$ cat input_19.txt   # compact mmCIF, C-alpha atoms
# COMPACT_ATOMS: atom_id res chain seq x y z
CA MET A 1 -10.12 9.97 -2.15
CA SER A 2 -12.38 8.89 0.72
CA ASN A 3 -15.08 10.04 3.13
CA VAL A 4 -13.30 12.30 5.63
CA GLU A 5 -15.84 11.64 8.41
CA SER A 6 -14.98 7.95 8.67
CA VAL A 7 -11.23 8.24 9.06
CA TYR A 8 -8.79 8.31 11.98
CA GLU A 9 -6.70 11.34 12.85
CA LEU A 10 -3.23 11.11 11.35
CA GLU A 11 0.22 12.04 12.60
CA ALA A 12 2.39 12.91 9.58
CA ASP A 13 6.17 12.85 9.43
CA LYS A 14 7.81 14.34 6.37
CA SER A 15 11.33 14.25 7.76
CA GLY A 16 13.72 11.33 7.56
CA ASN A 17 13.16 8.42 5.22
CA GLY A 18 10.22 9.00 2.84
CA LEU A 19 6.80 10.18 3.96
CA LYS A 20 5.27 8.51 7.01
CA PHE A 21 1.88 8.56 8.73
CA PHE A 22 0.72 7.07 11.99
CA PHE A 23 -2.73 6.60 13.49
CA ILE A 24 -4.44 4.53 16.16
CA SER A 25 -7.01 1.95 15.11
CA LYS A 26 -9.63 1.84 17.85
CA GLY A 27 -11.60 -1.36 17.55
CA GLU A 28 -11.55 -4.31 19.89
CA GLN A 29 -8.13 -3.01 20.95
CA ASP A 30 -5.97 0.05 20.26
CA ILE A 31 -3.42 -0.66 17.52
CA ILE A 32 -0.84 1.80 16.22
CA LYS A 33 -0.88 1.75 12.41
CA ALA A 34 2.02 2.91 10.26
CA ILE A 35 2.09 4.01 6.62
CA GLN A 36 5.24 4.77 4.67
CA PHE A 37 5.77 5.93 1.11
CA SER A 38 9.27 4.68 0.24
CA PHE A 39 11.41 5.27 -2.82
CA VAL A 40 11.95 2.04 -4.75
CA GLN A 41 13.75 2.88 -7.98
CA GLU A 42 13.56 4.83 -11.20
CA LEU A 43 11.55 3.59 -14.16
CA ASN A 44 11.67 5.38 -17.51
CA GLY A 45 12.97 8.52 -15.85
CA ARG A 46 10.28 8.58 -13.17
CA ASN A 47 10.69 7.72 -9.50
CA ILE A 48 8.58 4.84 -8.24
CA TYR A 49 7.40 4.96 -4.63
CA ASN A 50 5.84 2.06 -2.76
CA LEU A 51 2.99 2.26 -0.27
CA GLY A 52 3.77 0.26 2.86
CA PHE A 53 1.18 -0.30 5.57
CA GLY A 54 1.22 -2.31 8.79
CA ASP A 55 0.98 -2.41 12.57
CA TYR A 56 3.56 -0.97 14.91
CA ASP A 57 4.24 -3.11 17.97
CA LEU A 58 5.41 -0.49 20.47
CA GLU A 59 6.50 -3.01 23.09
CA ASN A 60 8.79 -4.95 20.76
CA ASP A 61 9.60 -1.98 18.50
CA ILE A 62 8.74 -3.89 15.32
CA ILE A 63 6.50 -3.35 12.31
CA VAL A 64 4.24 -6.20 11.24
CA ASP A 65 2.69 -6.12 7.78
CA ASP A 66 1.70 -9.71 7.08
CA ILE A 67 -1.12 -10.40 9.52
CA ASN A 68 -4.79 -9.41 9.58
CA THR A 69 -5.56 -7.85 12.95
CA ASN A 70 -9.36 -8.09 12.56
CA ASN A 71 -9.92 -5.12 14.85
CA GLY A 72 -13.48 -4.56 13.69
CA ASP A 73 -12.77 -1.26 11.93
CA ALA A 74 -11.36 -2.38 8.57
CA TYR A 75 -13.46 0.10 6.59
CA LYS A 76 -12.30 3.07 8.66
CA VAL A 77 -8.67 1.91 8.54
CA PHE A 78 -8.81 1.47 4.76
CA ASN A 79 -10.37 4.93 4.36
CA THR A 80 -7.64 6.43 6.52
CA VAL A 81 -4.92 4.89 4.36
CA LEU A 82 -6.65 6.26 1.25
CA THR A 83 -6.59 9.81 2.62
CA THR A 84 -2.78 9.73 2.66
CA ILE A 85 -2.48 9.18 -1.10
CA PRO A 86 -3.45 12.74 -2.17
CA ILE A 87 -1.06 14.03 0.52
CA PHE A 88 1.70 11.91 -1.01
CA PHE A 89 1.07 13.51 -4.41
CA GLU A 90 1.04 16.99 -2.86
CA ASN A 91 4.60 16.31 -1.74
CA PHE A 92 5.78 14.10 -4.61
CA GLY A 93 3.73 15.39 -7.53
CA ASP A 94 5.91 14.04 -10.32
CA GLU A 95 6.30 10.53 -8.97
CA ILE A 96 4.52 7.23 -9.52
CA LEU A 97 2.95 5.35 -6.64
CA MET A 98 2.99 1.57 -6.65
CA VAL A 99 0.53 -0.39 -4.52
CA GLN A 100 1.01 -4.09 -3.83
CA GLY A 101 -0.29 -6.19 -0.96
CA SER A 102 2.14 -7.91 1.40
CA ASP A 103 -0.07 -10.98 0.94
CA GLY A 104 1.02 -11.11 -2.71
CA ARG A 105 4.49 -12.45 -1.92
CA PRO A 106 5.24 -15.85 -3.48
CA ALA A 107 5.80 -17.40 -0.04
CA PHE A 108 2.56 -16.02 1.41
CA ALA A 109 0.26 -18.88 0.34
CA GLU A 110 2.59 -21.51 1.81
CA LYS A 111 2.81 -19.66 5.13
CA CYS A 112 -0.95 -19.06 5.16
CA LYS A 113 -1.69 -22.77 4.68
CA LEU A 114 0.08 -23.57 7.94
CA GLU A 115 -2.00 -21.16 10.06
CA CYS A 116 -5.26 -20.53 8.19
CA LYS A 117 -8.60 -21.99 9.27
CA LYS A 118 -10.14 -21.76 5.78
CA LYS A 119 -8.44 -24.95 4.53
CA CYS A 120 -8.42 -23.77 0.90
CA VAL A 121 -7.98 -26.59 -1.62
CA ASP A 122 -7.00 -25.07 -4.97
CA GLU A 123 -6.05 -21.47 -4.40
CA CYS A 124 -5.35 -19.60 -1.15
CA LYS A 125 -8.28 -17.21 -0.64
CA ASN A 126 -6.09 -14.78 1.30
CA TYR A 127 -3.46 -14.58 -1.45
CA ASN A 128 -3.53 -11.07 -2.98
CA ARG A 129 -6.55 -10.20 -0.84
CA ARG A 130 -5.20 -6.73 -0.04
CA ILE A 131 -4.54 -5.68 -3.62
CA ASN A 132 -8.03 -6.96 -4.45
CA ILE A 133 -9.45 -4.51 -1.89
CA TYR A 134 -7.54 -1.62 -3.49
CA ARG A 135 -8.60 -2.80 -6.96
CA GLY A 136 -12.21 -3.01 -5.81
CA TYR A 137 -12.03 0.59 -4.65
CA VAL A 138 -10.46 1.76 -7.93
CA ASP A 139 -13.01 -0.21 -9.98
CA LYS A 140 -15.93 1.25 -8.04
CA ASN A 141 -14.68 4.85 -8.15
CA TYR A 142 -12.78 4.77 -11.43
CA ASN A 143 -14.63 7.63 -13.13
CA ASP A 144 -14.14 10.04 -10.22
CA LEU A 145 -10.53 9.02 -9.61
CA SER A 146 -9.66 9.28 -13.30
CA ALA A 147 -10.26 13.02 -13.19
CA ASP A 148 -7.02 13.42 -11.21
CA TYR A 149 -5.07 10.20 -11.63
CA GLN A 150 -3.98 7.81 -14.32
CA PHE A 151 -3.84 4.14 -13.39
CA LEU A 152 -1.76 1.24 -14.65
CA GLY A 153 -2.33 -2.40 -13.76
CA GLY A 154 0.62 -4.72 -13.20
CA ILE A 155 0.63 -8.46 -13.69
CA LYS A 156 3.34 -11.12 -13.86
CA ASN A 157 3.30 -13.29 -16.96
CA GLU A 158 4.53 -16.87 -17.30
CA GLU A 159 8.08 -15.68 -18.05
CA GLN A 160 8.04 -13.82 -14.71
CA GLN A 161 8.02 -10.55 -16.60
CA THR A 162 5.95 -7.72 -15.12
CA ILE A 163 3.52 -6.32 -17.66
CA LEU A 164 2.28 -2.79 -16.99
CA GLU A 165 -0.77 -1.76 -18.95
CA THR A 166 -3.47 0.88 -18.90
CA TYR A 167 -5.79 -0.10 -16.07
CA GLU A 168 -8.91 -2.03 -17.03
CA ARG A 169 -11.74 -2.22 -14.54
CA CYS A 170 -12.51 -5.63 -13.03
CA LYS A 171 -9.34 -7.18 -14.43
CA LYS A 172 -7.18 -9.15 -11.99
CA TYR A 173 -3.91 -7.32 -11.34
CA ASP A 174 -1.31 -8.04 -8.70
CA SER A 175 -0.26 -4.39 -8.47
CA VAL A 176 -1.68 -0.96 -9.21
CA PHE A 177 0.38 2.07 -10.26
CA LEU A 178 -0.96 5.59 -10.24
CA PHE A 179 0.29 9.05 -11.03
CA ARG A 180 -1.10 12.52 -11.48
CA LYS A 181 -2.90 12.92 -14.74
CA ASN A 182 -1.09 16.04 -15.87
CA HIS A 183 2.19 14.11 -15.85
CA ILE A 184 2.65 11.93 -18.91
CA PHE A 185 4.40 8.59 -18.42
CA THR A 186 6.30 8.05 -21.65
CA VAL A 187 7.69 4.75 -22.87
CA LYS B 1 -1.64 8.40 30.76
CA VAL B 2 -0.16 9.70 27.50
CA PRO B 3 -2.48 11.63 25.16
CA GLU B 4 -2.89 9.87 21.80
CA SER B 5 -1.42 12.71 19.76
CA GLY B 6 1.57 12.72 22.09
CA LEU B 7 1.98 8.98 21.74
CA LEU B 8 1.94 9.18 17.94
CA SER B 9 4.45 12.05 18.02
CA LEU B 10 6.72 9.89 20.13
CA VAL B 11 6.35 6.98 17.72
CA ALA B 12 7.01 9.26 14.74
CA SER B 13 10.20 10.63 16.25
CA LYS B 14 11.33 7.14 17.28
CA LEU B 15 10.87 5.79 13.75
CA LYS B 16 12.00 8.97 12.01
CA ASP B 17 14.98 7.55 10.10
CA ARG B 18 13.78 4.00 9.76
CA VAL B 19 12.64 2.24 6.60
CA LEU B 20 9.51 0.67 8.05
CA PHE B 21 8.83 -1.87 5.32
CA PRO B 22 12.22 -2.96 3.93
CA GLN B 23 10.81 -6.28 2.71
CA LYS B 24 8.15 -4.49 0.69
CA VAL B 25 10.76 -2.26 -0.94
CA GLU B 26 12.82 -5.35 -1.82
CA ASP B 27 9.71 -7.09 -3.19
CA ALA B 28 8.95 -4.02 -5.29
CA LYS B 29 12.50 -3.93 -6.69
CA LYS B 30 12.26 -7.60 -7.67
CA TYR B 31 8.85 -6.98 -9.20
CA LEU B 32 10.27 -4.17 -11.34
CA GLN B 33 13.37 -6.07 -12.48
CA LYS B 34 11.82 -7.17 -15.78
CA VAL B 35 9.14 -4.70 -16.82
CA LYS B 36 7.35 -4.51 -20.12
CA ILE B 37 5.06 -1.53 -20.64
CA ALA B 38 2.08 -2.22 -22.86

$ encode --input "input_19.txt" --output "structure tokens"
Amino acid sequence: MSNVESVYELEADKSGNGLKFFFISKGEQDIIKAIQFSFVQELNGRNIYNLGFGDYDLENDIIVDDINTNNGDAYKVFNTVLTTIPIFFENFGDEILMVQGSDGRPAFAEKCKLECKKKCVDECKNYNRRINIYRGYVDKNYNDLSADYQFLGGIKNEEQQTILETYERCKKYDSVFLFRKNHIFTV
Amino acid sequence: KVPESGLLSLVASKLKDRVLFPQKVEDAKKYLQKVKIA
């Protein structure tokens, strides 16, 4: 799912709560990164897992997932996260993975306005930025990825109902769902 | 001077039983409350 040469070495932990990975981002500073695939709930008889990703602050023993660290190695960090997805499916082959950015929360834009230097007028440019990066990757590599995975795009409608549909390239979604192709998701 | 692999092992064991992103799991549950599959 990504170029192996441009990724960080991972520490995997399959015990305990869900599947976890840790690595050190080595840019302007060393930052411990954490990834966790967590069970969310069942949907149509299939388990949905969520991909969580953020920084681990060792000194304060907290995880932070709503800031951009700008460590100068975003491409390598993103690639490293991508390498964990096939490993997730090796361990949870029948499940569905849900990807959503932490900058897609309703309160994100309001919080961003207070701290951001961009001074956006109409729409916060950072809102849903992370899911747009994932979508960009899926759009660009859709043909290759479709050999192994089936994708659904998720979007909230005006009635605050989440619509899941077969993924269409270059369409704006606020979440992406994927599962192994040999497992049919029936409705 | 802790080797990196040792540091990550320590972090992994420290966070072994923890849900690292509880807010994201809650967000996901809310997101899936009313789902229509098209």

$ closest_atom_pairs --input "input_19.txt" --of "chain B" --to "chain A" --cutoff "7 Å" --atoms "all atoms listed in the file" --output "JSON lines"
{"residue": "B:Leu8", "atom": "CA", "partner": "A:Glu11", "partner_atom": "CA", "distance": 6.3}
{"residue": "B:Ser9", "atom": "CA", "partner": "A:Glu11", "partner_atom": "CA", "distance": 6.9}
{"residue": "B:Ala12", "atom": "CA", "partner": "A:Asp13", "partner_atom": "CA", "distance": 6.5}
{"residue": "B:Lys16", "atom": "CA", "partner": "A:Gly16", "partner_atom": "CA", "distance": 5.3}
{"residue": "B:Asp17", "atom": "CA", "partner": "A:Gly16", "partner_atom": "CA", "distance": 4.7}
{"residue": "B:Arg18", "atom": "CA", "partner": "A:Asn17", "partner_atom": "CA", "distance": 6.4}
{"residue": "B:Val19", "atom": "CA", "partner": "A:Asn17", "partner_atom": "CA", "distance": 6.4}
{"residue": "B:Leu20", "atom": "CA", "partner": "A:Ile63", "partner_atom": "CA", "distance": 6.6}
{"residue": "B:Phe21", "atom": "CA", "partner": "A:Gly52", "partner_atom": "CA", "distance": 6.0}
{"residue": "B:Lys24", "atom": "CA", "partner": "A:Gly52", "partner_atom": "CA", "distance": 6.8}
{"residue": "B:Val25", "atom": "CA", "partner": "A:Val40", "partner_atom": "CA", "distance": 5.9}
{"residue": "B:Ala28", "atom": "CA", "partner": "A:Val40", "partner_atom": "CA", "distance": 6.8}
{"residue": "B:Lys29", "atom": "CA", "partner": "A:Val40", "partner_atom": "CA", "distance": 6.3}
{"residue": "B:Tyr31", "atom": "CA", "partner": "A:Thr162", "partner_atom": "CA", "distance": 6.6}
{"residue": "B:Leu32", "atom": "CA", "partner": "A:Thr162", "partner_atom": "CA", "distance": 6.7}
{"residue": "B:Lys34", "atom": "CA", "partner": "A:Gln161", "partner_atom": "CA", "distance": 5.2}
{"residue": "B:Val35", "atom": "CA", "partner": "A:Thr162", "partner_atom": "CA", "distance": 4.7}
{"residue": "B:Lys36", "atom": "CA", "partner": "A:Ile163", "partner_atom": "CA", "distance": 4.9}
{"residue": "B:Ile37", "atom": "CA", "partner": "A:Leu164", "partner_atom": "CA", "distance": 4.8}
{"residue": "B:Ala38", "atom": "CA", "partner": "A:Glu165", "partner_atom": "CA", "distance": 4.9}

$ residues_around --input "input_19.txt" --residues "Arg135 (chain A)" --least-positions-apart "4" --cutoff "12 Å" --atoms "all atoms listed in the file" --output "ChimeraX atom specification"
/A:99-101,128-131,139-142,151-154,167-178

$ atom_distance --input "input_19.txt" --atom1 "CA of Leu15 (chain B)" --atom2 "CA of Asn132 (chain A)"
29.2 Å

$ atom_distance --input "input_19.txt" --atom1 "CA of Asp94 (chain A)" --atom2 "CA of Tyr149 (chain A)"
11.7 Å

$ closest_residue --input "input_19.txt" --among "A:Ile31, A:Ala74, A:Leu82, A:Val7" --to "Leu7 (chain B)" --atoms "only C-alpha atoms"
A:Ile31

$ atom_distance --input "input_19.txt" --atom1 "CA of Phe179 (chain A)" --atom2 "CA of Asp27 (chain B)"
20.3 Å

$ residues_around --input "input_19.txt" --residues "Gly93 (chain A)" --least-positions-apart "5" --cutoff "12 Å" --atoms "all atoms listed in the file" --output "number ranges by chain"
A: 46-49, 85-88, 148-149, 178-184

$ closest_residue --input "input_19.txt" --among "A:Ser25, A:Thr84, A:Asn71, A:Asn79" --to "Leu97 (chain A)" --atoms "only C-alpha atoms"
A:Thr84

$ axis_aligned_box --input "input_19.txt" --around "region 157-164 of chain A" --padding-each-side "4 Å" --output "JSON"
{"center_x": 5.2, "center_y": -9.8, "center_z": -16.4, "size_x": 13.8, "size_y": 22.1, "size_z": 11.3}
